[in-house]
$ cat target_11.txt   # compact mmCIF, C-alpha atoms (C1' of nucleotides)
# COMPACT_ATOMS: atom_id res chain seq x y z
CA MET A 11 0.00 0.00 0.00
CA ASN A 12 1.17 3.51 -0.85
CA THR A 13 0.32 5.14 2.45
CA PHE A 14 0.91 8.66 1.14
CA GLU A 15 -1.47 8.29 -1.79
CA TYR A 16 -3.98 6.32 0.24
CA LEU A 17 -4.34 9.03 2.87
CA LEU A 18 -4.55 11.77 0.22
CA GLU A 19 -7.29 9.87 -1.60
CA HIS A 20 -9.28 9.98 1.62
CA ASN A 21 -8.71 13.68 2.26
CA ILE A 22 -6.17 13.18 5.00
CA LYS A 23 -3.06 15.31 4.85
CA PRO A 24 -0.19 12.81 5.10
CA SER A 25 1.93 14.08 7.96
CA VAL A 26 4.83 12.07 9.32
CA GLN A 27 2.75 10.89 12.27
CA ARG A 28 -0.29 9.98 10.19
CA MET A 29 1.83 8.06 7.69
CA ALA A 30 3.50 6.15 10.50
CA ILE A 31 0.20 5.27 12.18
CA MET A 32 -1.44 4.25 8.91
CA GLY A 33 1.66 2.28 7.95
CA TYR A 34 1.64 0.46 11.23
CA LEU A 35 -2.06 -0.34 11.05
CA ASP A 36 -1.67 -1.60 7.50
CA SER A 37 1.31 -3.82 8.22
CA HIS A 38 0.08 -5.14 11.56
CA ARG A 39 -3.32 -6.70 11.09
CA THR A 40 -3.46 -7.66 14.75
CA HIS A 41 -6.10 -5.07 15.68
CA PRO A 42 -3.82 -2.98 17.89
CA THR A 43 -4.97 -0.53 20.56
CA ALA A 44 -3.95 3.12 20.68
CA ASP A 45 -1.49 2.20 23.37
CA GLU A 46 0.12 -0.57 21.33
CA ILE A 47 0.52 1.72 18.37
CA PHE A 48 2.08 4.35 20.59
CA ASN A 49 4.56 1.90 22.10
CA ALA A 50 5.50 0.60 18.69
CA LEU A 51 6.08 3.99 17.04
CA SER A 52 7.43 5.90 20.01
CA PRO A 53 11.04 4.70 19.54
CA THR A 54 11.21 5.89 15.92
CA ILE A 55 9.25 9.10 16.54
CA PRO A 56 10.43 10.08 20.02
CA THR A 57 8.32 13.23 20.20
CA LEU A 58 5.15 11.32 19.40
CA SER A 59 2.25 12.05 21.73
CA LYS A 60 -0.50 9.69 22.74
CA THR A 61 -3.03 12.43 22.04
CA THR A 62 -1.88 12.39 18.43
CA ILE A 63 -2.54 8.68 18.27
CA TYR A 64 -6.07 9.18 19.54
CA ASN A 65 -6.72 12.19 17.30
CA THR A 66 -5.37 10.41 14.26
CA LEU A 67 -7.28 7.21 14.85
CA LYS A 68 -10.49 9.17 15.25
CA LEU A 69 -9.72 10.97 12.00
CA PHE A 70 -8.97 7.67 10.27
CA VAL A 71 -12.30 6.22 11.34
CA GLN A 72 -14.15 9.36 10.22
CA GLN A 73 -12.48 9.30 6.82
CA GLY A 74 -13.06 5.61 6.40
CA VAL A 75 -9.49 4.30 6.34
CA ALA A 76 -9.85 2.39 9.62
CA GLN A 77 -12.57 0.88 11.72
CA SER A 78 -12.78 0.76 15.48
CA ILE A 79 -13.54 -2.55 17.12
CA SER A 80 -15.23 -2.57 20.53
CA ILE A 81 -15.13 -6.30 21.10
CA ASP A 82 -12.88 -5.87 24.12
CA GLU A 83 -14.55 -4.01 26.95
CA LYS A 84 -11.20 -2.77 28.24
CA ASN A 85 -9.71 -1.16 25.13
CA GLU A 86 -10.73 0.04 21.74
CA HIS A 87 -8.99 -1.81 18.91
CA PHE A 88 -8.35 -0.59 15.38
CA ASP A 89 -8.30 -2.26 12.01
CA ALA A 90 -7.06 -0.97 8.66
CA ASN A 91 -9.43 -3.40 7.00
CA THR A 92 -12.58 -1.32 6.66
CA ALA A 93 -14.65 -4.03 4.97
CA VAL A 94 -17.40 -5.52 7.11
CA HIS A 95 -16.03 -8.73 8.58
CA ALA A 96 -16.52 -10.68 11.78
CA HIS A 97 -14.17 -10.60 14.76
CA PHE A 98 -13.50 -13.32 17.28
CA LEU A 99 -11.91 -12.47 20.63
CA CYS A 100 -10.25 -15.24 22.62
CA ARG A 101 -11.01 -14.75 26.29
CA LYS A 102 -7.75 -16.47 27.25
CA CYS A 103 -5.02 -14.89 25.09
CA ASN A 104 -7.06 -11.83 24.06
CA LYS A 105 -6.08 -12.29 20.45
CA ILE A 106 -8.62 -11.07 17.91
CA TYR A 107 -9.21 -13.24 14.84
CA ASP A 108 -10.84 -12.18 11.58
CA ALA A 109 -13.54 -14.05 9.73
CA PHE A 110 -14.77 -13.29 6.26
CA ILE A 111 -18.45 -12.86 5.62
CA LYS A 112 -19.95 -14.47 2.56
CA SER A 113 -23.57 -13.38 2.72
CA LYS A 114 -24.47 -9.88 1.63
CA LYS A 115 -27.43 -9.61 3.99
CA LEU A 116 -26.50 -9.43 7.66
CA PRO A 117 -28.83 -10.78 10.34
CA GLY A 118 -31.51 -8.30 11.34
CA GLU A 119 -30.49 -5.84 8.66
CA THR A 120 -33.63 -6.19 6.57
CA GLU A 121 -35.90 -5.78 9.59
CA LEU A 122 -34.14 -2.60 10.72
CA LYS A 123 -34.29 -1.10 7.24
CA GLU A 124 -37.96 -1.99 6.92
CA GLU A 125 -38.57 -0.13 10.17
CA GLY A 126 -37.07 2.93 8.51
CA HIS A 127 -33.68 3.09 10.19
CA LYS A 128 -30.57 4.03 8.23
CA ILE A 129 -27.61 1.75 8.91
CA ASP A 130 -24.14 3.24 8.61
CA GLU A 131 -22.00 0.69 10.40
CA ALA A 132 -22.25 -3.05 11.03
CA TYR A 133 -20.22 -5.20 13.41
CA ILE A 134 -20.22 -8.88 14.16
CA TYR A 135 -18.41 -10.00 17.28
CA TYR A 136 -17.73 -13.41 18.74
CA ARG A 137 -16.07 -14.33 22.00
CA GLY A 138 -14.79 -17.68 23.17
CA LEU A 139 -11.70 -19.83 23.34
CA CYS A 140 -9.39 -19.98 20.35
CA ARG A 141 -7.95 -23.18 18.90
CA GLU A 142 -4.42 -22.41 20.13
CA CYS A 143 -5.54 -21.89 23.74
CA MET A 144 -7.68 -25.02 23.67
CA GLU A 145 -4.70 -27.08 22.51
CA LYS A 146 -2.57 -25.61 25.28
CA GLU A 147 -5.20 -26.65 27.82
CA LEU A 148 -5.16 -30.20 26.49
CA ASN A 149 -1.36 -30.42 26.63
CA LYS A 150 -1.41 -29.28 30.24
CA GLN A 151 -3.74 -32.12 31.21
CA ASN A 152 -1.67 -34.75 29.40
CA ASN A 153 1.60 -33.92 31.17
CA MET B 11 -41.81 -13.14 35.10
CA ASN B 12 -41.40 -14.50 38.63
CA THR B 13 -38.14 -12.81 39.44
CA PHE B 14 -37.61 -14.82 42.61
CA GLU B 15 -37.97 -18.18 40.88
CA TYR B 16 -36.07 -17.04 37.83
CA LEU B 17 -33.00 -16.06 39.83
CA LEU B 18 -33.11 -19.26 41.88
CA GLU B 19 -33.30 -21.34 38.72
CA HIS B 20 -30.04 -19.74 37.65
CA ASN B 21 -28.28 -20.27 40.97
CA ILE B 22 -28.56 -16.66 42.09
CA LYS B 23 -29.67 -16.06 45.63
CA PRO B 24 -32.59 -13.63 45.35
CA SER B 25 -31.69 -10.77 47.64
CA VAL B 26 -33.73 -7.58 47.75
CA GLN B 27 -31.19 -5.78 45.58
CA ARG B 28 -30.89 -8.57 43.04
CA MET B 29 -34.64 -8.90 42.73
CA ALA B 30 -34.97 -5.17 42.19
CA ILE B 31 -32.26 -5.06 39.54
CA MET B 32 -33.59 -8.12 37.70
CA GLY B 33 -37.10 -6.73 37.95
CA TYR B 34 -36.03 -3.43 36.48
CA LEU B 35 -34.10 -5.07 33.65
CA ASP B 36 -37.05 -7.30 32.85
CA SER B 37 -39.62 -4.53 32.82
CA HIS B 38 -37.46 -1.95 31.04
CA ARG B 39 -36.27 -3.39 27.78
CA THR B 40 -34.46 -0.17 26.94
CA HIS B 41 -30.96 -1.58 27.45
CA PRO B 42 -30.17 0.56 30.50
CA THR B 43 -26.68 1.30 31.81
CA ALA B 44 -25.55 0.59 35.37
CA ASP B 45 -26.00 4.27 36.10
CA GLU B 46 -29.56 4.36 34.79
CA ILE B 47 -30.49 1.33 36.87
CA PHE B 48 -28.94 2.95 39.93
CA ASN B 49 -30.84 6.21 39.43
CA ALA B 50 -34.09 4.34 38.91
CA LEU B 51 -33.82 2.10 41.97
CA SER B 52 -32.03 4.46 44.34
CA PRO B 53 -35.25 6.23 45.50
CA THR B 54 -36.93 2.98 46.54
CA ILE B 55 -33.75 1.40 47.97
CA PRO B 56 -32.01 4.42 49.48
CA THR B 57 -29.03 2.46 50.80
CA LEU B 58 -28.34 0.98 47.38
CA SER B 59 -24.74 1.23 46.28
CA LYS B 60 -23.47 1.58 42.74
CA THR B 61 -20.94 -1.16 43.43
CA THR B 62 -23.84 -3.51 44.08
CA ILE B 63 -25.27 -2.65 40.68
CA TYR B 64 -21.98 -3.47 39.00
CA ASN B 65 -21.44 -6.64 41.03
CA THR B 66 -24.95 -7.83 40.38
CA LEU B 67 -24.88 -7.12 36.67
CA LYS B 68 -21.60 -9.01 36.35
CA LEU B 69 -23.17 -11.91 38.25
CA PHE B 70 -26.25 -11.80 36.03
CA VAL B 71 -24.12 -11.99 32.90
CA GLN B 72 -22.08 -14.88 34.32
CA GLN B 73 -25.21 -16.81 35.25
CA GLY B 74 -26.84 -16.13 31.91
CA VAL B 75 -29.82 -14.03 32.98
CA ALA B 76 -28.56 -10.88 31.25
CA GLN B 77 -26.27 -9.93 28.43
CA SER B 78 -23.96 -6.95 28.23
CA ILE B 79 -24.07 -4.83 25.12
CA SER B 80 -20.95 -2.86 24.13
CA ILE B 81 -22.45 -1.06 21.17
CA ASP B 82 -21.93 2.30 22.86
CA GLU B 83 -18.28 3.15 23.40
CA LYS B 84 -19.12 5.33 26.39
CA ASN B 85 -21.18 2.96 28.53
CA GLU B 86 -21.96 -0.67 28.90
CA HIS B 87 -25.64 -1.48 28.42
CA PHE B 88 -27.56 -4.46 29.76
CA ASP B 89 -30.36 -6.57 28.41
CA ALA B 90 -32.54 -9.14 30.18
CA ASN B 91 -33.12 -10.74 26.79
CA THR B 92 -30.27 -13.23 26.61
CA ALA B 93 -31.20 -14.64 23.21
CA VAL B 94 -28.84 -13.70 20.39
CA HIS B 95 -30.40 -10.74 18.61
CA ALA B 96 -29.11 -7.71 16.77
CA HIS B 97 -28.86 -4.21 18.24
CA PHE B 98 -29.08 -0.91 16.44
CA LEU B 99 -27.74 2.25 18.08
CA CYS B 100 -28.98 5.63 16.84
CA ARG B 101 -26.08 8.07 16.82
CA LYS B 102 -28.46 10.98 17.33
CA CYS B 103 -30.77 9.97 20.19
CA ASN B 104 -28.59 7.10 21.46
CA LYS B 105 -31.60 4.81 21.65
CA ILE B 106 -30.84 1.13 21.14
CA TYR B 107 -33.30 -0.87 19.02
CA ASP B 108 -33.65 -4.64 18.89
CA ALA B 109 -33.87 -6.77 15.79
CA PHE B 110 -34.75 -10.43 15.65
CA ILE B 111 -32.51 -12.84 13.81
CA LYS B 112 -34.10 -15.47 11.62
CA SER B 113 -31.10 -17.42 10.37
CA LYS B 114 -29.51 -19.97 12.69
CA LYS B 115 -26.05 -19.54 11.18
CA LEU B 116 -24.40 -16.21 11.86
CA PRO B 117 -21.92 -14.67 9.40
CA GLY B 118 -18.41 -16.00 9.85
CA GLU B 119 -19.50 -18.53 12.43
CA THR B 120 -18.84 -21.58 10.28
CA GLU B 121 -15.39 -20.36 9.28
CA LEU B 122 -14.37 -19.74 12.90
CA LYS B 123 -15.61 -23.14 14.01
CA GLU B 124 -13.81 -24.82 11.12
CA GLU B 125 -10.62 -23.14 12.29
CA GLY B 126 -11.12 -24.85 15.63
CA HIS B 127 -12.29 -21.94 17.77
CA LYS B 128 -15.01 -22.39 20.35
CA ILE B 129 -17.64 -19.65 20.26
CA ASP B 130 -19.40 -18.78 23.51
CA GLU B 131 -20.95 -15.41 22.71
CA ALA B 132 -22.18 -13.70 19.57
CA TYR B 133 -23.12 -10.07 19.03
CA ILE B 134 -24.43 -8.17 16.05
CA TYR B 135 -24.31 -4.40 16.23
CA TYR B 136 -25.50 -1.71 13.88
CA ARG B 137 -25.11 2.03 14.13
CA GLY B 138 -26.81 4.75 12.18
CA LEU B 139 -29.77 7.12 12.27
CA CYS B 140 -33.11 5.86 13.50
CA ARG B 141 -36.42 6.48 11.76
CA GLU B 142 -37.65 8.89 14.44
CA CYS B 143 -34.55 11.08 14.22
CA MET B 144 -34.66 11.11 10.43
CA GLU B 145 -38.26 12.31 10.51
CA LYS B 146 -37.33 15.05 12.97
CA GLU B 147 -34.59 16.20 10.61
CA LEU B 148 -37.09 16.39 7.73
CA ASN B 149 -39.58 18.39 9.79
CA LYS B 150 -36.89 20.89 10.68
CA GLN B 151 -36.12 21.50 7.02
CA ASN B 152 -39.79 21.97 6.10
CA ASN B 153 -40.48 24.65 8.72
C1' DA C 16 -31.45 -18.78 70.94
C1' DT C 17 -26.49 -17.69 70.53
C1' DT C 18 -22.68 -17.95 68.30
C1' DA C 19 -19.80 -18.59 64.46
C1' DA C 20 -19.05 -18.85 59.57
C1' DT C 21 -20.38 -17.27 55.15
C1' DA C 22 -22.41 -14.30 51.82
C1' DT C 23 -23.83 -9.86 50.43
C1' DT C 24 -23.84 -5.02 50.47
C1' DT C 25 -21.88 -0.64 51.03
C1' DG C 26 -18.72 3.47 50.65
C1' DT C 27 -14.50 5.19 49.54
C1' DA C 28 -10.42 5.13 47.09
C1' DA C 29 -7.98 3.85 43.05
C1' DT C 30 -7.49 2.77 38.18
C1' DG C 31 -6.86 3.89 33.57
C1' DA C 32 -8.48 4.70 28.93
C1' DA C 33 -10.04 8.51 26.56
C1' DT C 34 -10.73 13.55 26.16
C1' DA C 35 -10.17 18.68 26.80
C1' DC C 36 -7.39 22.25 26.25
C1' DA C 37 -3.89 25.46 25.42
C1' DA C 38 0.86 26.07 24.19
C1' DA C 39 4.30 24.81 20.82
C1' DT C 40 5.51 23.46 16.41
C1' DT C 41 4.94 22.73 11.60
C1' DT C 42 2.98 23.69 7.16
C1' DA C 43 0.94 26.50 3.51
C1' DG C 44 -0.06 30.79 1.28
C1' DA C 45 0.58 35.60 0.29
C1' DT D 11 9.83 36.52 5.13
C1' DC D 12 5.61 37.03 7.44
C1' DT D 13 1.00 35.56 8.70
C1' DA D 14 -2.66 32.41 9.21
C1' DA D 15 -4.10 27.84 9.57
C1' DA D 16 -3.30 23.15 10.65
C1' DT D 17 -1.12 19.78 13.35
C1' DT D 18 1.21 18.05 17.25
C1' DT D 19 2.37 17.88 21.94
C1' DG D 20 2.03 17.61 27.13
C1' DT D 21 -0.54 18.15 30.96
C1' DA D 22 -4.66 18.12 33.36
C1' DT D 23 -9.18 16.31 33.64
C1' DT D 24 -13.06 13.30 33.18
C1' DC D 25 -15.66 9.49 34.31
C1' DA D 26 -17.05 4.65 33.99
C1' DT D 27 -15.50 0.74 36.20
C1' DT D 28 -12.95 -1.85 39.69
C1' DA D 29 -10.49 -2.88 44.16
C1' DC D 30 -10.88 -3.30 48.69
C1' DA D 31 -12.14 -3.48 53.34
C1' DA D 32 -15.64 -2.46 56.67
C1' DA D 33 -20.46 -3.12 57.73
C1' DT D 34 -24.50 -5.67 57.40
C1' DA D 35 -27.34 -9.57 56.53
C1' DT D 36 -27.99 -14.50 56.06
C1' DT D 37 -27.25 -19.28 57.04
C1' DA D 38 -25.70 -23.19 59.69
C1' DA D 39 -24.23 -25.39 63.84
C1' DT D 40 -24.10 -26.22 68.44

$ encode --input "target_11.txt" --output "structure tokens"
Amino acid sequence: MNTFEYLLEHNIKPSVQRMAIMGYLDSHRTHPTADEIFNALSPTIPTLSKTTIYNTLKLFVQQGVAQSISIDEKNEHFDANTAVHAHFLCRKCNKIYDAFIKSKKLPGETELKEEGHKIDEAYIYYRGLCRECMEKELNKQNN
Amino acid sequence: MNTFEYLLEHNIKPSVQRMAIMGYLDSHRTHPTADEIFNALSPTIPTLSKTTIYNTLKLFVQQGVAQSISIDEKNEHFDANTAVHAHFLCRKCNKIYDAFIKSKKLPGETELKEEGHKIDEAYIYYRGLCRECMEKELNKQNN
DNA sequence: ATTAATATTTGTAATGAATACAAATTTAGA
DNA sequence: TCTAAATTTGTATTCATTACAAATATTAAT
């Protein structure tokens, strides 16, 4: 991805900080929090402020180059993938997994539209235990 | 609903506070926050503490008599309807609407299960502008 | 019934992510 | 270069939620 062009196309002036944050989000599809992004970029941009991270992420969401994920009640997570897709949070390791969505119609969508509501955003969240953590549990028992 | 029996059936000892909170949740399907519940019950139970509200709601969620809705990034909302159903948050009036789900399979669910993850909870959230608020906007323009 | 053990509730203090705000810096335009 | 606007920064604040320990209520045992 050409971060510079991509931001410009979405009416975001590509400052050093914004490029760095977008670049990080694009290359780390791990749904990082504002804090994680700050810790990752702080060494290379020593003057970086956490407020800038928050401001920029809010701007990114507004301009449609990132989506905010509220699957984790503690922290807000961010995703450079703005397409509607499902997220799965593992309660053990707190990793967030993606899942593609095949169907065009999402559950309840038709009903809400028929009632006259205008839908702007859609999120599908799952929580549970991921495969990796389940395997770890099994190994513990067998030792 | 017989609140007393209902709590007992779910291994929750029906104290005065718990009955009141469950009763409120059951009779007010408006997805209230902990604060709203506190303000509503505080007059009738003057000694009521906000910590009790939080403790009780957490217990309710654990025991499966309520679900927590994180559609609103400011506050956690609660719902006595524990069935999986979609929620729509109006960005203008902040009202949360329900929507029934017909299909048994939720988007992305099959993929996640095939990858070996165990799903315990599922949420479907929408955000946008509700019918009522859209009509208000139109009336403003026509005056 | 009294006492002891347990569970629940309460109030205050602490936490911490997110925001407000104003000063400092950078960028763009004349 | 100078001025205005935009962006960034740092600090202070907010506020929902949690931690914790004391107080109260409930249950069980003797």

$ interface_residues --input "target_11.txt" --of "chain B" --to "chain A" --cutoff "6 Å" --atoms "all atoms listed in the file" --output "JSON, numbers by chain"
{"B": [96, 109, 110, 111, 117, 118, 126, 127, 128, 129, 130, 131, 132, 133, 134, 135, 136, 137, 138, 139, 140, 141]}

$ atom_distance --input "target_11.txt" --atom1 "CA of Phe70 in chain B" --atom2 "CA of Leu18 in chain B"
11.7 Å

$ interface_residues --input "target_11.txt" --of "chain A" --to "chain D" --cutoff "12 Å" --atoms "only C-alpha atoms (C1' of nucleotides)" --output "PyMOL selection string"
chain A and resi 22-28+56-66+83-84

$ write_last_selection --input "target_11.txt" --atoms "C-alpha atoms" --output "PDB file, in the frame of the given file"
ATOM      1  CA  ILE A  22      -6.170  13.180   5.000  1.00  0.00           C
ATOM      2  CA  LYS A  23      -3.060  15.310   4.850  1.00  0.00           C
ATOM      3  CA  PRO A  24      -0.190  12.810   5.100  1.00  0.00           C
ATOM      4  CA  SER A  25       1.930  14.080   7.960  1.00  0.00           C
ATOM      5  CA  VAL A  26       4.830  12.070   9.320  1.00  0.00           C
ATOM      6  CA  GLN A  27       2.750  10.890  12.270  1.00  0.00           C
ATOM      7  CA  ARG A  28      -0.290   9.980  10.190  1.00  0.00           C
ATOM      8  CA  PRO A  56      10.430  10.080  20.020  1.00  0.00           C
ATOM      9  CA  THR A  57       8.320  13.230  20.200  1.00  0.00           C
ATOM     10  CA  LEU A  58       5.150  11.320  19.400  1.00  0.00           C
ATOM     11  CA  SER A  59       2.250  12.050  21.730  1.00  0.00           C
ATOM     12  CA  LYS A  60      -0.500   9.690  22.740  1.00  0.00           C
ATOM     13  CA  THR A  61      -3.030  12.430  22.040  1.00  0.00           C
ATOM     14  CA  THR A  62      -1.880  12.390  18.430  1.00  0.00           C
ATOM     15  CA  ILE A  63      -2.540   8.680  18.270  1.00  0.00           C
ATOM     16  CA  TYR A  64      -6.070   9.180  19.540  1.00  0.00           C
ATOM     17  CA  ASN A  65      -6.720  12.190  17.300  1.00  0.00           C
ATOM     18  CA  THR A  66      -5.370  10.410  14.260  1.00  0.00           C
ATOM     19  CA  GLU A  83     -14.550  -4.010  26.950  1.00  0.00           C
ATOM     20  CA  LYS A  84     -11.200  -2.770  28.240  1.00  0.00           C
TER      21      LYS A  84
END

$ atom_distance --input "target_11.txt" --atom1 "CA of Tyr34 in chain B" --atom2 "CA of Ile47 in chain B"
7.3 Å

$ closest_atom_pairs --input "target_11.txt" --of "chain C" --to "chain B" --cutoff "10 Å" --atoms "only C-alpha atoms (C1' of nucleotides)" --output "JSON lines"
{"residue": "C:DA22", "atom": "C1'", "partner": "B:Lys23", "partner_atom": "CA", "distance": 9.7}
{"residue": "C:DT23", "atom": "C1'", "partner": "B:Ser25", "partner_atom": "CA", "distance": 8.4}
{"residue": "C:DT24", "atom": "C1'", "partner": "B:Thr62", "partner_atom": "CA", "distance": 6.6}
{"residue": "C:DT25", "atom": "C1'", "partner": "B:Ser59", "partner_atom": "CA", "distance": 5.9}
{"residue": "C:DG26", "atom": "C1'", "partner": "B:Ser59", "partner_atom": "CA", "distance": 7.8}
{"residue": "C:DA33", "atom": "C1'", "partner": "B:Lys84", "partner_atom": "CA", "distance": 9.6}

$ write_last_selection --input "target_11.txt" --atoms "C-alpha atoms (C1' of nucleotides)" --output "mmCIF file, keeping the file's coordinate frame"
data_model
loop_
_atom_site.group_PDB
_atom_site.id
_atom_site.type_symbol
_atom_site.label_atom_id
_atom_site.label_comp_id
_atom_site.auth_asym_id
_atom_site.auth_seq_id
_atom_site.Cartn_x
_atom_site.Cartn_y
_atom_site.Cartn_z
ATOM 1 C "C1'" DA C 22 -22.410 -14.300 51.820
ATOM 2 C "C1'" DT C 23 -23.830 -9.860 50.430
ATOM 3 C "C1'" DT C 24 -23.840 -5.020 50.470
ATOM 4 C "C1'" DT C 25 -21.880 -0.640 51.030
ATOM 5 C "C1'" DG C 26 -18.720 3.470 50.650
ATOM 6 C "C1'" DA C 33 -10.040 8.510 26.560
#

$ axis_aligned_box --input "target_11.txt" --around "range 14-23 of chain B" --padding-each-side "8 Å" --output "lines of an AutoDock Vina configuration file"
center_x = -33.1
center_y = -18.1
center_z = 41.6
size_x = 25.7
size_y = 22.5
size_z = 24.0

$ atom_distance --input "target_11.txt" --atom1 "CA of Asn91 in chain A" --atom2 "CA of Gln77 in chain A"
7.1 Å

$ closest_residue --input "target_11.txt" --among "A:Glu19, A:Leu67, A:His87, A:Phe14" --to "Glu46 in chain A" --atoms "all atoms listed in the file"
A:His87

$ decode --input "target_11.txt" --residues "range 34-45 of chain A" --atoms "N, CA, C and O atoms" --output "PDB file, in the first residue's frame"
ATOM      1  N   TYR A  34       1.640   1.505  10.206  1.00  0.00           N
ATOM      2  CA  TYR A  34       1.643   0.457  11.232  1.00  0.00           C
ATOM      3  C   TYR A  34       0.350  -0.359  11.182  1.00  0.00           C
ATOM      4  O   TYR A  34       0.379  -1.586  11.213  1.00  0.00           O
ATOM      5  N   LEU A  35      -0.758   0.340  11.103  1.00  0.00           N
ATOM      6  CA  LEU A  35      -2.062  -0.339  11.047  1.00  0.00           C
ATOM      7  C   LEU A  35      -2.145  -1.280   9.843  1.00  0.00           C
ATOM      8  O   LEU A  35      -2.680  -2.382   9.936  1.00  0.00           O
ATOM      9  N   ASP A  36      -1.585  -0.805   8.729  1.00  0.00           N
ATOM     10  CA  ASP A  36      -1.671  -1.597   7.496  1.00  0.00           C
ATOM     11  C   ASP A  36      -0.794  -2.842   7.563  1.00  0.00           C
ATOM     12  O   ASP A  36      -1.155  -3.897   7.056  1.00  0.00           O
ATOM     13  N   SER A  37       0.356  -2.708   8.209  1.00  0.00           N
ATOM     14  CA  SER A  37       1.307  -3.825   8.218  1.00  0.00           C
ATOM     15  C   SER A  37       1.146  -4.728   9.440  1.00  0.00           C
ATOM     16  O   SER A  37       1.785  -5.772   9.530  1.00  0.00           O
ATOM     17  N   HIS A  38       0.322  -4.305  10.391  1.00  0.00           N
ATOM     18  CA  HIS A  38       0.075  -5.144  11.565  1.00  0.00           C
ATOM     19  C   HIS A  38      -1.418  -5.368  11.709  1.00  0.00           C
ATOM     20  O   HIS A  38      -2.101  -4.595  12.384  1.00  0.00           O
ATOM     21  N   ARG A  39      -1.877  -6.432  11.088  1.00  0.00           N
ATOM     22  CA  ARG A  39      -3.315  -6.696  11.090  1.00  0.00           C
ATOM     23  C   ARG A  39      -3.701  -7.477  12.338  1.00  0.00           C
ATOM     24  O   ARG A  39      -4.405  -8.475  12.285  1.00  0.00           O
ATOM     25  N   THR A  40      -3.212  -6.987  13.461  1.00  0.00           N
ATOM     26  CA  THR A  40      -3.458  -7.655  14.751  1.00  0.00           C
ATOM     27  C   THR A  40      -4.465  -6.881  15.595  1.00  0.00           C
ATOM     28  O   THR A  40      -4.631  -7.163  16.783  1.00  0.00           O
ATOM     29  N   HIS A  41      -5.109  -5.876  14.980  1.00  0.00           N
ATOM     30  CA  HIS A  41      -6.104  -5.069  15.675  1.00  0.00           C
ATOM     31  C   HIS A  41      -5.524  -4.404  16.916  1.00  0.00           C
ATOM     32  O   HIS A  41      -6.002  -4.629  18.037  1.00  0.00           O
ATOM     33  N   PRO A  42      -4.485  -3.600  16.740  1.00  0.00           N
ATOM     34  CA  PRO A  42      -3.818  -2.977  17.894  1.00  0.00           C
ATOM     35  C   PRO A  42      -4.671  -1.905  18.567  1.00  0.00           C
ATOM     36  O   PRO A  42      -5.598  -1.365  17.963  1.00  0.00           O
ATOM     37  N   THR A  43      -4.349  -1.639  19.821  1.00  0.00           N
ATOM     38  CA  THR A  43      -4.974  -0.534  20.555  1.00  0.00           C
ATOM     39  C   THR A  43      -4.139   0.723  20.344  1.00  0.00           C
ATOM     40  O   THR A  43      -3.015   0.662  19.831  1.00  0.00           O
ATOM     41  N   ALA A  44      -4.686   1.861  20.771  1.00  0.00           N
ATOM     42  CA  ALA A  44      -3.955   3.121  20.679  1.00  0.00           C
ATOM     43  C   ALA A  44      -2.626   3.011  21.430  1.00  0.00           C
ATOM     44  O   ALA A  44      -1.584   3.476  20.950  1.00  0.00           O
ATOM     45  N   ASP A  45      -2.677   2.364  22.543  1.00  0.00           N
ATOM     46  CA  ASP A  45      -1.490   2.200  23.371  1.00  0.00           C
ATOM     47  C   ASP A  45      -0.414   1.375  22.669  1.00  0.00           C
ATOM     48  O   ASP A  45       0.766   1.726  22.689  1.00  0.00           O
TER      49      ASP A  45
END
